[in-house]
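Colleague: Handing you a structure now.
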There are 2 protein chains.
Amino acid sequence: MIKELNFKAINMYSERRYYAALFILILLSTSFILSAQYPVWTEAAPGVWKCVIGSPDKLDLYSSAEIKPDLAGILKIDPDDFPLPQNDIAAEVADSRTYLRFPLVKGEQIYGFGLNFKTVHQRGKILQLHVDHYGGADNGRTHAPVPFYVSDRGYGVFINSARYLTVYAGSGVRKDSPAASEERDRNTDKRWTSRPYSDAVEIVVPAAGVEIYIFAGPTAMDAVRRFNLYSGGGCLPPRWGLGFTQRVPTLYTAERVEQEAQQFAEKGFPLDFIGLEPGWQSRAYPCTFEWDSTRFPDPASFVKTMKDKGVHINLWTNPYVSSHSPIYKDILPYTGSHTVWGGAVPDLTIKEAKNIIINQLQKSQVDIGISGYKIDECDGYDHWLWPDVAKFPSGNSAEQLRQIYGLLLQNITTQIYRQNNTRTYGLVRASNGGGASFPYVIYNDYYSHEDFITALINSGFCGVLWTPEVRNSKTSEEWLRRMQTVIFSPMAMINAWSSGTKPWSFPDVEKEVREIAMLRMQLMPYFYTEFARYHFDGIPPFRGMNLEPGFSMQAKSELKNANLDENPYAEAVLKEIKDQYMAGEYLLVAPLFTGQTSRDVVLPKGKWYDFYTGRFAGDGEVIKVTPGLDKIPVFVKDGGIIPMMPPMLHAPAAGQRFDLEIRYYGTKPGLYHLYDDDGETFDYEKGILSWREIKVEVDKKSNLKGTISKAEKGRPDNIGNVTWKFMTQ
Amino acid sequence: MIKELNFKAINMYSERRYYAALFILILLSTSFILSAQYPVWTEAAPGVWKCVIGSPDKLDLYSSAEIKPDLAGILKIDPDDFPLPQNDIAAEVADSRTYLRFPLVKGEQIYGFGLNFKTVHQRGKILQLHVDHYGGADNGRTHAPVPFYVSDRGYGVFINSARYLTVYAGSGVRKDSPAASEERDRNTDKRWTSRPYSDAVEIVVPAAGVEIYIFAGPTAMDAVRRFNLYSGGGCLPPRWGLGFTQRVPTLYTAERVEQEAQQFAEKGFPLDFIGLEPGWQSRAYPCTFEWDSTRFPDPASFVKTMKDKGVHINLWTNPYVSSHSPIYKDILPYTGSHTVWGGAVPDLTIKEAKNIIINQLQKSQVDIGISGYKIDECDGYDHWLWPDVAKFPSGNSAEQLRQIYGLLLQNITTQIYRQNNTRTYGLVRASNGGGASFPYVIYNDYYSHEDFITALINSGFCGVLWTPEVRNSKTSEEWLRRMQTVIFSPMAMINAWSSGTKPWSFPDVEKEVREIAMLRMQLMPYFYTEFARYHFDGIPPFRGMNLEPGFSMQAKSELKNANLDENPYAEAVLKEIKDQYMAGEYLLVAPLFTGQTSRDVVLPKGKWYDFYTGRFAGDGEVIKVTPGLDKIPVFVKDGGIIPMMPPMLHAPAAGQRFDLEIRYYGTKPGLYHLYDDDGETFDYEKGILSWREIKVEVDKKSNLKGTISKAEKGRPDNIGNVTWKFMTQ
């Protein structure tokens with residue numbers, strides 16, 4: 001050490017040198033010696049407070065995502081005060097770690113901490129937030145372990161750290177906690193519990209400092225909106241991104257892909273983009289990022305042919321560089337110490353590495369019209385990802401790189417499309433806090449239909465999108481049930497990379513699958529608008545009931561097994577609503593899973609109507625539905641306005657006009673703002689967009705009258721004929 | 001920070017002060033700045049090398065266990081050289097973490113990393129060594145996540161750290177590794193694998209330094225022996241500790257316990273100690289460490305009455321202090337920031353806290369004759385243990401306290417008994433590296449019979465003991481199968497704290513259970529000797545086949561599921577031998593599990609004989625056995641000498657003579673050293689012990705002749721009549 005610091009060279013009698021040494025000493029010691037920190041908050045945006053504890057890492061989530069807060073969007077939310085008692089927030093740096101504490105009150109529910117698959121309510125959980133594939137347990141290891149939580153008391157907390165955070169979301173009990181419950185004797189007191197009441201979220205950040213953010217309410221939705229808008233607002237996909245997509249078997253040739261698209265057309269199934277799996281590349285796992293010339297002899301003309309048929313092409317890749325790749329030699333100096341499947345791992349915190357990747361994708365793929373990517377394996381499974389001992393030339397740690405790799409890859413590819421003024425919409429297997437604006441949907445290899453829906457709910461709490469993709473099924477029942485939910489999600493996709501399934505693979509439900517796929521197309525104006533609201537207002541397009549006004553369902557604990565040999569601490573199991581969700585402003589979706597013929601649906605306060613018939617379904621109550629195999633239960637909020645287009649096989653292209661059917665549900669006056677733009681470019685950022693007011697008025701005799709405003713002059717106007725359908729009679 | 005360090009008080013012009021500041025600066029910076037370390041090894045004992053990397057924590061495993069290396073024991077092992085190429089060992093401190101690398105060669109197998117339950121072969125595993133209850137997956141979270149591994153190439157590696165270590169046991173592949181396998185194209189090359197060859201064990205220590213140890217061979221067993229002896233040698237239980245033990249339901253009264261012992265006697269079941277569960281205390285979870293006066297009105301006379309009947313008493317406790325405990329007020333200043341079930345958590349790294357606990361146990365329990373403890377819940381389950389954010393008055397971190405809490409509790413209680421010159425033998429739910437000499441057996445709440453056997457195997461690689469305790473069963477078949485294995489383990493126990501089962505609870509196998517329990521008693525001279533070898537020679541009494549000469553079974557990988565939708569990375573499953581083990585020098589135990597009527601047994605090279613009949617069973621081959629429900633397959637090595645005593649209901653007390661039946665198996669000459677001492681005190685440490693040579697000679701006509709030497713004069717001699725049984729005819 002002495003040699004490295006070269007202290008011998010310091011002139012010991014120089015006062016200036018002495019000060020310098022002292023200064024370094026103080027600097028070093030800040031991150032080393034136990035030090036209690038008293039958080040000082042500054043308002044980073046209206047209703048957004050920031051606090052710096054100790055000496056945070058330079059590399060964090062927000063810097064990796066290069067967020068550009070949408071202050072205009074945030075200003076549209078009702079202002080609110082700092083939402084927590086500041087004295088109850090504690091932060092301390094000791095032992096090269098930062099310890100954080102945020103208060104909880106009795107009955108408070110918290111949601112978030114990333115893309116969990118089995119649970120919605122997070123109070124009481126212990127998680128280590130760690131980017132990883134989902135391994136079957138909600139332990140913090142997931143594709144997007146976003147360090148953000150939102151409380152039903154109307155605030156959010158974000159830890160801007162690219163470290164593996166250990167979160168005690170209301171489990172620890174402090175000796176000096178005024179809320180600590182009375183001690184009980186387990187021998188004789190039946191009220192004894194293995195999990196006494198805890199009044200705080202406590203977090204360990206394994207670094208000597210961190211930035212934290214508090215997002216004000218007044219509602220939980222407001223806090224989520226602020227969180228999303230602070231990272232730039234949600235993504236706005238191209239319109240075709242909301243159409244139907246099929247991923248083809250990995251070794252398909254250009255010819256076979258063209259045939260596949262032809263089949264979709266012949267059979268009358270919608271298709272907006274096809275995803276090519278590893279076989280488009282000359283080598284994969286690791287990748288060359290080059291076309292395979294045997295399977296795709298003329299990529300440019302293939303892509304053009306497909307686009308002429310209305311079908312965009314998306315390309316799978318993972319980020320690991322094959323030694324056979326044309327970029328291998330150039331990128332090698334900017335790669336980590338360890339390989340993944342023999343491929344070099346680009347240090348994407350280094351500009352040169354980014355540029356090499358950008359140039360290759362641009363030249364080989366984006367410039368010939370490829371519409372986007374599926375970025376695989378950036379989440380990792382410990383057994384093949386770089387280990388935490390890996391070194392990267394930037395000096396950033398393996399841990400940090402892992403937490404942000406998905407963000408960096410989304411950022412890089414988003415930049416390419418932005419330069420081309422063309423929107424993209426793709427798939428990614430890892431994201432993190434700050435990534436809301438990236439036009440990517442998370443997917444994985446796990447395949448529990450039920451848990452896929454819980455993930456969809458959780459995606460809405462943490463600024464990510466998720467698709468409950470359909471791959472294959474054991475029965476036609478399962479196939480149809482899965483198709484019914486994927487069309488009420490950010491990406492309506494069949495991923496047949498291995499199975500080779502088609503929408504018509506289960507002939508006895510082919511008709512029903514076609515219908516539901518067509519419903520997805522019909523709902524495009526509605527979903528497109530809901531994504532615009534994600535972008536401009538921060539409102540997640542798919543989200544849990546817990547963000548819905550009028551929904552109040554406390555999670556209840558149940559002792560399911562009283563056998564102490566099997567459950568020695570008599571632990572209870574949380575019962576929660578994790579199988580129904582909101583799709584946009586008005587639609588409540590309550591899927592059925594294989595084996596179910598009926599289910600309960602919890603309707604929030606206010607009247608709700610059946611989507612298909614318009615009939616009144618209930619008001620603030622639990623109803624039982626028995627919809628038949630061909631229907632997924634969907635309910636519409638009173639006053640709900642659902643703008644729909646005809647069942648087209650492709651999304652309307654830029655400037656292509658389409659008719660509108662406006663469905664209205666219920667009895668109270670309705671107001672909706674329909675979004676429109678060219679559907680393909682970033683010109684909406686220059687104001688080239690329209691918000692058209694759709695209004696339903698109710699007169700004294702309960703007669704309904706619907707109107708839609710015209711697009712402002714010079715603004716996009718793609719609407720042809722408008723028809724009205726008042727669903728509730 | 002400035003205020004705390006009070007730099008303003010430093011006289012800036014004083015040269016001495018300048019040096020002081022410089023010195024502190026250097027000290028601080030050593031743990032802070034990236035620094036490559038070149039390990040320098042010093043020989044800590046013959047065949048044991050130590051290396052200090054960076055600035056290790058003061059609190060580590062060896063200091064917590066207060067190890068006293070048994071140099072005399074180590075000297076008895078064949079000397080060997082430093083077993084690894086030193087240049088292939090790398091260590092580096094960066095980012096407040098220490099990164100370690102140890103080489104692996106092709107085909108090398110490694111075992112250890114603590115008490116794993118599902119796997120024996122650890123090469124390729126990724127673990128975070130973290131003291132915890134076992135959660136059903138071998139991920140490093142277990143009751144004894146000992147940072148020690150042993151290689152079949154004949155060496156061991158120990159990381160002396162009380163941190164959560166992340167271990168890549170041969171999974172990462174370095175870009176510059178000369179052994180890295182050729183890159184493959186997954187699109188077309190069937191040889192592609194999701195887990196390319198890795199040539200190193202890599203470890204992250206989340207601290208700016210660490211001590212590491214290498215234990216030489218030449219065999220894997222030699223390395224294990226050195227590891228055990230370096231921490232003082234294995235424990236030597238009192239003789240009664242190897243008898244049968246029953247744990248009674250938690251609210252049993254003194255009277256009911258006496259009745260229970262009476263029933264054992266009447267029914268002719270052996271019983272050496274009874275364990276009282278939480279109800280002996282006036283309050284539990286958290287604990288008072290005081291007798292409950294209603295259930296135990298006169299503890300001293302109860303304990304004496306029981307002892308007079310030949311039954312020792314063991315007491316359950318956990319370490320969390322109730323506010324109703326007499327020690328609460330005194331210990332409170334030495335407890336952590338967080339509570340466990342409302343109980344205070346003693347900071348057992350503080351002398352005052354230790355002494356308060358020691359005094360209470362001594363006064364209330366040990367002084368009236370309590371024979372030992374079952375120390376529960378020191379492993380933790382995150383949901384009730386102190387969180388990693390907890391603070392302790394010593395300044396040691398919550399993480400460190402967690403890793404060593406089991407060691408500290410074993411150390412404290414062992415000290416009490418040592419002061420009384422009385423041996424103890426108890427149960428503990430957490431241990432770690434360095435704890436081999438503590439007379440404690442690990443247990444848990446998990447209950448897979450198969451996995452319990454795998455744990456027994458793994459216990460032998462890492463210096464801990466494990467009991468596959470019997471609690472309850474669904475069928476009498478399961479009951480008997482479990483009883484058959486627990487008697488071939490360090491503690492023959494029924495734990496009926498919740499179920500209230502008795503050995504005779506399944507009447508249709510009562511006779512068989514009695515027989516197997518009696519076999520345990522008969523084997524006491526053999527097992528007692530094998531524990532003496534654990535203590536004096538470091539040889540684990542129960543251990544995997546992998547430490548047995550002549551056993552060579554490479555673990556093979558099998559692709560069990562080729563469906564890529566379900567197994568997207570085509571991952572193979574390791575097939576390994578984890579259901580048979582060695583019990584001492586001669587016995588190979590091959591249990592059957594519920595539902596099995598026959599099984600394969602892998603016999604190492606050399607002749608093996610059936611334990612019950614003496615018949616030849618096989619030689620270096622896989623045999624199939626169909627033993628019937630009443631028998632557990634046990635095989636004896638050629639030349640095996642098994643000293644047995646009559647089927648007594650209690651272990652012989654100090655000085656009590658017993659007859660010896662010496663069984664001999666096979667055809668080759670045999671030699672065994674039978675250990676003896678008073679069975680109760682530490683006087684063996686003063687040399688008051690005997691090793692008697694048992695010899696079987698074979699003459700030219702294959703006639704067998706057995707002899708046993710006399711105990712040296714003045715040394716313990718408890719053997720009455722000796723009879724010989726030559727089993728193989």
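Residues in the structure tokens are named by chain (A, B, ... in the order shown) and by number from 1 within that chain; ligands are numbered from 1 in the order shown.
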As a list in words, please: all residues of stretch 517-696 of chain B that backbone DSSP puts in alpha helix (DSSP H).
Modeller: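 Answer for stretch 517-696 of chain B restricted to alpha helix (DSSP H) is Ala517, Met518, Leu519, Arg520, Met521, Gln522, Met524, Pro525, Tyr526, Phe527, Tyr528, Thr529, Glu530, Phe531, Ala532, Arg533, Tyr534, His535, Phe536 and Asp537 of chain B.
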Colleague: Matching each Cα of chain B to the same-order Cα of chain A and superposing by least squares, what RMSD do you find?
Modeller: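 Computed value for the CA RMSD is 0.3 Å.
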Colleague: Show me a table, sorted first by chain and then by increasing residue number, of the residues of chain A having an atom at most 6 Å from chain B, each with its shortest atom pair and the distance in Å to one decimal, counting only C-alpha atoms and written as JSON lines.
Modeller:
{"residue": "A:Leu25", "atom": "CA", "partner": "B:Leu25", "partner_atom": "CA", "distance": 5.2}
{"residue": "A:Tyr99", "atom": "CA", "partner": "B:Val389", "partner_atom": "CA", "distance": 6.0}
{"residue": "A:Gly172", "atom": "CA", "partner": "B:Pro387", "partner_atom": "CA", "distance": 6.0}
{"residue": "A:Val173", "atom": "CA", "partner": "B:His338", "partner_atom": "CA", "distance": 5.4}
{"residue": "A:Arg174", "atom": "CA", "partner": "B:His338", "partner_atom": "CA", "distance": 4.1}
{"residue": "A:Lys175", "atom": "CA", "partner": "B:His338", "partner_atom": "CA", "distance": 5.1}
{"residue": "A:Glu183", "atom": "CA", "partner": "B:Gly342", "partner_atom": "CA", "distance": 5.1}
{"residue": "A:Asp185", "atom": "CA", "partner": "B:Arg283", "partner_atom": "CA", "distance": 5.1}
{"residue": "A:Arg186", "atom": "CA", "partner": "B:Ala284", "partner_atom": "CA", "distance": 5.7}
{"residue": "A:Asn187", "atom": "CA", "partner": "B:Gly279", "partner_atom": "CA", "distance": 5.8}
{"residue": "A:Gly279", "atom": "CA", "partner": "B:Asn187", "partner_atom": "CA", "distance": 5.8}
{"residue": "A:Arg283", "atom": "CA", "partner": "B:Asp185", "partner_atom": "CA", "distance": 5.1}
{"residue": "A:Ala284", "atom": "CA", "partner": "B:Asp185", "partner_atom": "CA", "distance": 5.4}
{"residue": "A:Tyr285", "atom": "CA", "partner": "B:Arg186", "partner_atom": "CA", "distance": 5.8}
{"residue": "A:Ser337", "atom": "CA", "partner": "B:Lys175", "partner_atom": "CA", "distance": 5.6}
{"residue": "A:His338", "atom": "CA", "partner": "B:Arg174", "partner_atom": "CA", "distance": 4.0}
{"residue": "A:Thr339", "atom": "CA", "partner": "B:Lys175", "partner_atom": "CA", "distance": 5.5}
{"residue": "A:Gly342", "atom": "CA", "partner": "B:Glu183", "partner_atom": "CA", "distance": 5.1}
{"residue": "A:Pro387", "atom": "CA", "partner": "B:Gly172", "partner_atom": "CA", "distance": 5.9}
{"residue": "A:Val389", "atom": "CA", "partner": "B:Tyr99", "partner_atom": "CA", "distance": 6.0}
Colleague: Would you mind exporting N, CA and C atoms of the selected residues as a PDB file, in the first residue's frame?
Modeller:
ATOM      1  N   LEU A  25      -7.407  11.908   4.121  1.00  0.00           N
ATOM      2  CA  LEU A  25      -7.763  11.113   5.299  1.00  0.00           C
ATOM      3  C   LEU A  25      -9.249  11.278   5.619  1.00  0.00           C
ATOM      4  N   TYR A  99     -27.086   1.791   6.123  1.00  0.00           N
ATOM      5  CA  TYR A  99     -28.269   1.219   6.758  1.00  0.00           C
ATOM      6  C   TYR A  99     -29.386   2.251   6.728  1.00  0.00           C
ATOM      7  N   GLY A 172     -38.204  -6.615  10.934  1.00  0.00           N
ATOM      8  CA  GLY A 172     -37.372  -6.440  12.123  1.00  0.00           C
ATOM      9  C   GLY A 172     -38.094  -5.644  13.199  1.00  0.00           C
ATOM     10  N   VAL A 173     -37.806  -5.976  14.454  1.00  0.00           N
ATOM     11  CA  VAL A 173     -38.403  -5.245  15.573  1.00  0.00           C
ATOM     12  C   VAL A 173     -37.283  -4.672  16.424  1.00  0.00           C
ATOM     13  N   ARG A 174     -37.284  -3.363  16.569  1.00  0.00           N
ATOM     14  CA  ARG A 174     -36.243  -2.720  17.362  1.00  0.00           C
ATOM     15  C   ARG A 174     -36.611  -2.707  18.843  1.00  0.00           C
ATOM     16  N   LYS A 175     -35.578  -2.849  19.653  1.00  0.00           N
ATOM     17  CA  LYS A 175     -35.735  -2.853  21.098  1.00  0.00           C
ATOM     18  C   LYS A 175     -36.414  -1.569  21.562  1.00  0.00           C
ATOM     19  N   GLU A 183     -44.345  -8.683  24.801  1.00  0.00           N
ATOM     20  CA  GLU A 183     -43.735 -10.005  24.766  1.00  0.00           C
ATOM     21  C   GLU A 183     -44.754 -11.057  25.244  1.00  0.00           C
ATOM     22  N   ASP A 185     -45.497 -15.366  26.212  1.00  0.00           N
ATOM     23  CA  ASP A 185     -44.905 -16.658  26.567  1.00  0.00           C
ATOM     24  C   ASP A 185     -45.479 -17.722  25.644  1.00  0.00           C
ATOM     25  N   ARG A 186     -44.625 -18.315  24.834  1.00  0.00           N
ATOM     26  CA  ARG A 186     -45.140 -19.306  23.881  1.00  0.00           C
ATOM     27  C   ARG A 186     -45.681 -20.544  24.589  1.00  0.00           C
ATOM     28  N   ASN A 187     -45.161 -20.837  25.774  1.00  0.00           N
ATOM     29  CA  ASN A 187     -45.618 -22.030  26.494  1.00  0.00           C
ATOM     30  C   ASN A 187     -47.118 -22.009  26.745  1.00  0.00           C
ATOM     31  N   GLY A 279     -31.211 -18.406 -34.453  1.00  0.00           N
ATOM     32  CA  GLY A 279     -30.754 -18.882 -35.747  1.00  0.00           C
ATOM     33  C   GLY A 279     -30.565 -17.822 -36.820  1.00  0.00           C
ATOM     34  N   ARG A 283     -23.622 -17.272 -35.598  1.00  0.00           N
ATOM     35  CA  ARG A 283     -23.333 -18.078 -34.408  1.00  0.00           C
ATOM     36  C   ARG A 283     -24.061 -17.428 -33.233  1.00  0.00           C
ATOM     37  N   ALA A 284     -24.505 -18.248 -32.316  1.00  0.00           N
ATOM     38  CA  ALA A 284     -25.221 -17.702 -31.163  1.00  0.00           C
ATOM     39  C   ALA A 284     -24.779 -18.386 -29.878  1.00  0.00           C
ATOM     40  N   TYR A 285     -24.973 -17.654 -28.763  1.00  0.00           N
ATOM     41  CA  TYR A 285     -24.561 -18.203 -27.432  1.00  0.00           C
ATOM     42  C   TYR A 285     -23.106 -18.591 -27.415  1.00  0.00           C
ATOM     43  N   SER A 337     -13.465  -9.669 -17.192  1.00  0.00           N
ATOM     44  CA  SER A 337     -12.484 -10.738 -16.971  1.00  0.00           C
ATOM     45  C   SER A 337     -13.053 -12.115 -17.264  1.00  0.00           C
ATOM     46  N   HIS A 338     -14.371 -12.275 -17.153  1.00  0.00           N
ATOM     47  CA  HIS A 338     -14.992 -13.583 -17.306  1.00  0.00           C
ATOM     48  C   HIS A 338     -15.849 -13.628 -18.569  1.00  0.00           C
ATOM     49  N   THR A 339     -16.029 -14.820 -19.085  1.00  0.00           N
ATOM     50  CA  THR A 339     -16.835 -14.976 -20.289  1.00  0.00           C
ATOM     51  C   THR A 339     -18.197 -15.575 -19.941  1.00  0.00           C
ATOM     52  N   GLY A 342     -18.345 -18.647 -23.209  1.00  0.00           N
ATOM     53  CA  GLY A 342     -17.169 -18.387 -24.042  1.00  0.00           C
ATOM     54  C   GLY A 342     -17.183 -17.029 -24.714  1.00  0.00           C
ATOM     55  N   PRO A 387     -19.514 -14.082 -12.728  1.00  0.00           N
ATOM     56  CA  PRO A 387     -19.633 -14.146 -11.271  1.00  0.00           C
ATOM     57  C   PRO A 387     -19.347 -12.787 -10.630  1.00  0.00           C
ATOM     58  N   VAL A 389     -17.108 -12.083  -8.759  1.00  0.00           N
ATOM     59  CA  VAL A 389     -15.659 -11.840  -8.676  1.00  0.00           C
ATOM     60  C   VAL A 389     -15.112 -11.235  -9.969  1.00  0.00           C
TER      61      VAL A 389
END
Colleague: Give me the residues near stretch 79-83 of chain B as a list in words, where near means some atom within 9 Å (using only C-alpha atoms) and where sequence neighbours in that chain fewer than 2 positions away do not count.
Modeller: Pro46, Gly47, Val48, Trp49, Leu75, Lys76, Ile77, Pro85, Gln86, Arg153, Gly154, Tyr155, Gly156, Ile214, Phe215, Ala216, Gly217 and Pro218 of chain B
Colleague: Name the closest residue to A:Gln522 among the candidates A:Leu660, A:Ile442, A:Ile453, A:Ala562; distances are taken between atoms, counting only C-alpha atoms.
Modeller: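 Ranking A:Leu660, A:Ile442, A:Ile453, A:Ala562 by distance to A:Gln522, first place goes to A:Leu660.
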Colleague: What lies within 12 Å of A:Val698 using only C-alpha atoms, ignoring chain neighbours under 2 positions off, as a list of chain:residue names?
Modeller: A:Gly639, A:Tyr664, A:Gly666, A:Thr667, A:Lys668, A:Pro669, A:Gly670, A:Leu671, A:Lys695, A:Val696, A:Lys700, A:Lys701, A:Ser702, A:Asn703, A:Leu704, A:Lys705, A:Gly706, A:Thr707, A:Phe726
Colleague: Can you work out which one of A:Leu588, A:Leu674, A:Ala653, A:Val573 has the shortest atom-to-atom distance to A:Phe635, counting only C-alpha atoms?
Modeller: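 Looking only at the distances to A:Phe635, the closest residue turns out to be A:Leu588.
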Colleague: Using only C-alpha atoms, which of A:Asn721, A:Val146, A:Lys474, A:Lys556 sits nearest A:Gly107?
Modeller: A:Lys556
Colleague: Report the residues of stretch 551-628 of chain B whose backbone DSSP state falls under strand (DSSP E or B), written as a PyMOL selection string.
Modeller: chain B and resi 556-558+573-575+581-583+587-589+599-602+607-610+616-619+622-625
Colleague: Could the residues in this selection be written to a file with N, CA and C atoms, as a compact mmCIF listing (two decimals), in the first residue's frame?
Modeller:
# COMPACT_ATOMS: atom_id res chain seq x y z
N LYS B 556 -21.83 -38.18 -12.30
CA LYS B 556 -22.13 -38.05 -13.73
C LYS B 556 -23.31 -37.13 -13.97
N SER B 557 -23.22 -36.35 -15.04
CA SER B 557 -24.33 -35.47 -15.39
C SER B 557 -25.25 -36.17 -16.38
N GLU B 558 -26.53 -35.94 -16.20
CA GLU B 558 -27.52 -36.54 -17.08
C GLU B 558 -28.50 -35.47 -17.55
N VAL B 573 -28.48 -32.87 -14.89
CA VAL B 573 -28.62 -33.10 -13.46
C VAL B 573 -27.50 -34.04 -13.02
N LEU B 574 -26.89 -33.73 -11.88
CA LEU B 574 -25.78 -34.54 -11.39
C LEU B 574 -26.30 -35.78 -10.68
N LYS B 575 -25.75 -36.91 -11.04
CA LYS B 575 -26.11 -38.15 -10.37
C LYS B 575 -24.98 -38.48 -9.42
N TYR B 581 -23.11 -44.43 3.62
CA TYR B 581 -22.05 -43.72 4.32
C TYR B 581 -21.28 -44.67 5.22
N MET B 582 -20.17 -44.17 5.73
CA MET B 582 -19.35 -44.94 6.64
C MET B 582 -19.68 -44.52 8.07
N ALA B 583 -19.89 -45.52 8.94
CA ALA B 583 -20.05 -45.28 10.36
C ALA B 583 -18.81 -45.86 11.03
N LEU B 587 -17.79 -49.87 9.24
CA LEU B 587 -19.18 -50.12 8.85
C LEU B 587 -19.64 -49.23 7.70
N LEU B 588 -20.17 -49.86 6.68
CA LEU B 588 -20.78 -49.14 5.57
C LEU B 588 -22.30 -49.29 5.73
N VAL B 589 -22.99 -48.18 5.90
CA VAL B 589 -24.43 -48.20 6.17
C VAL B 589 -25.16 -47.75 4.91
N ARG B 599 -32.33 -51.96 -2.84
CA ARG B 599 -31.53 -50.82 -3.28
C ARG B 599 -30.17 -51.31 -3.76
N ASP B 600 -29.51 -50.43 -4.49
CA ASP B 600 -28.12 -50.68 -4.88
C ASP B 600 -27.18 -50.18 -3.79
N VAL B 601 -26.09 -50.89 -3.62
CA VAL B 601 -25.05 -50.44 -2.69
C VAL B 601 -23.74 -50.47 -3.46
N VAL B 602 -23.01 -49.38 -3.39
CA VAL B 602 -21.70 -49.32 -4.05
C VAL B 602 -20.64 -49.71 -3.03
N LYS B 607 -12.76 -56.52 0.00
CA LYS B 607 -13.91 -57.39 0.30
C LYS B 607 -14.79 -56.79 1.39
N TRP B 608 -16.09 -56.97 1.22
CA TRP B 608 -17.06 -56.47 2.19
C TRP B 608 -17.97 -57.63 2.61
N TYR B 609 -18.39 -57.59 3.88
CA TYR B 609 -19.17 -58.68 4.47
C TYR B 609 -20.45 -58.15 5.11
N ASP B 610 -21.47 -58.96 5.09
CA ASP B 610 -22.73 -58.59 5.70
C ASP B 610 -22.57 -58.50 7.22
N PHE B 616 -19.82 -62.99 2.77
CA PHE B 616 -19.20 -62.13 1.76
C PHE B 616 -20.29 -61.43 0.94
N ALA B 617 -20.14 -60.13 0.75
CA ALA B 617 -21.17 -59.37 0.03
C ALA B 617 -20.69 -58.88 -1.33
N GLY B 618 -19.39 -58.60 -1.45
CA GLY B 618 -18.91 -58.10 -2.73
C GLY B 618 -17.57 -57.40 -2.57
N ASP B 619 -17.02 -56.97 -3.71
CA ASP B 619 -15.68 -56.37 -3.73
C ASP B 619 -15.61 -55.38 -4.88
N VAL B 622 -21.14 -52.88 -7.51
CA VAL B 622 -22.46 -52.42 -7.10
C VAL B 622 -23.32 -53.66 -6.89
N ILE B 623 -23.83 -53.80 -5.67
CA ILE B 623 -24.69 -54.95 -5.41
C ILE B 623 -26.12 -54.48 -5.13
N LYS B 624 -27.06 -55.37 -5.34
CA LYS B 624 -28.46 -55.04 -5.04
C LYS B 624 -28.83 -55.82 -3.78
N VAL B 625 -29.46 -55.15 -2.83
CA VAL B 625 -29.86 -55.83 -1.59
C VAL B 625 -31.36 -55.69 -1.38
Colleague: Please provide as a PyMOL selection string all residues within 8 Å of B:Glu621, with the sequence filter that same-chain residues fewer than 5 positions apart are discarded (counting only C-alpha atoms).
Modeller: chain B and resi 602-605
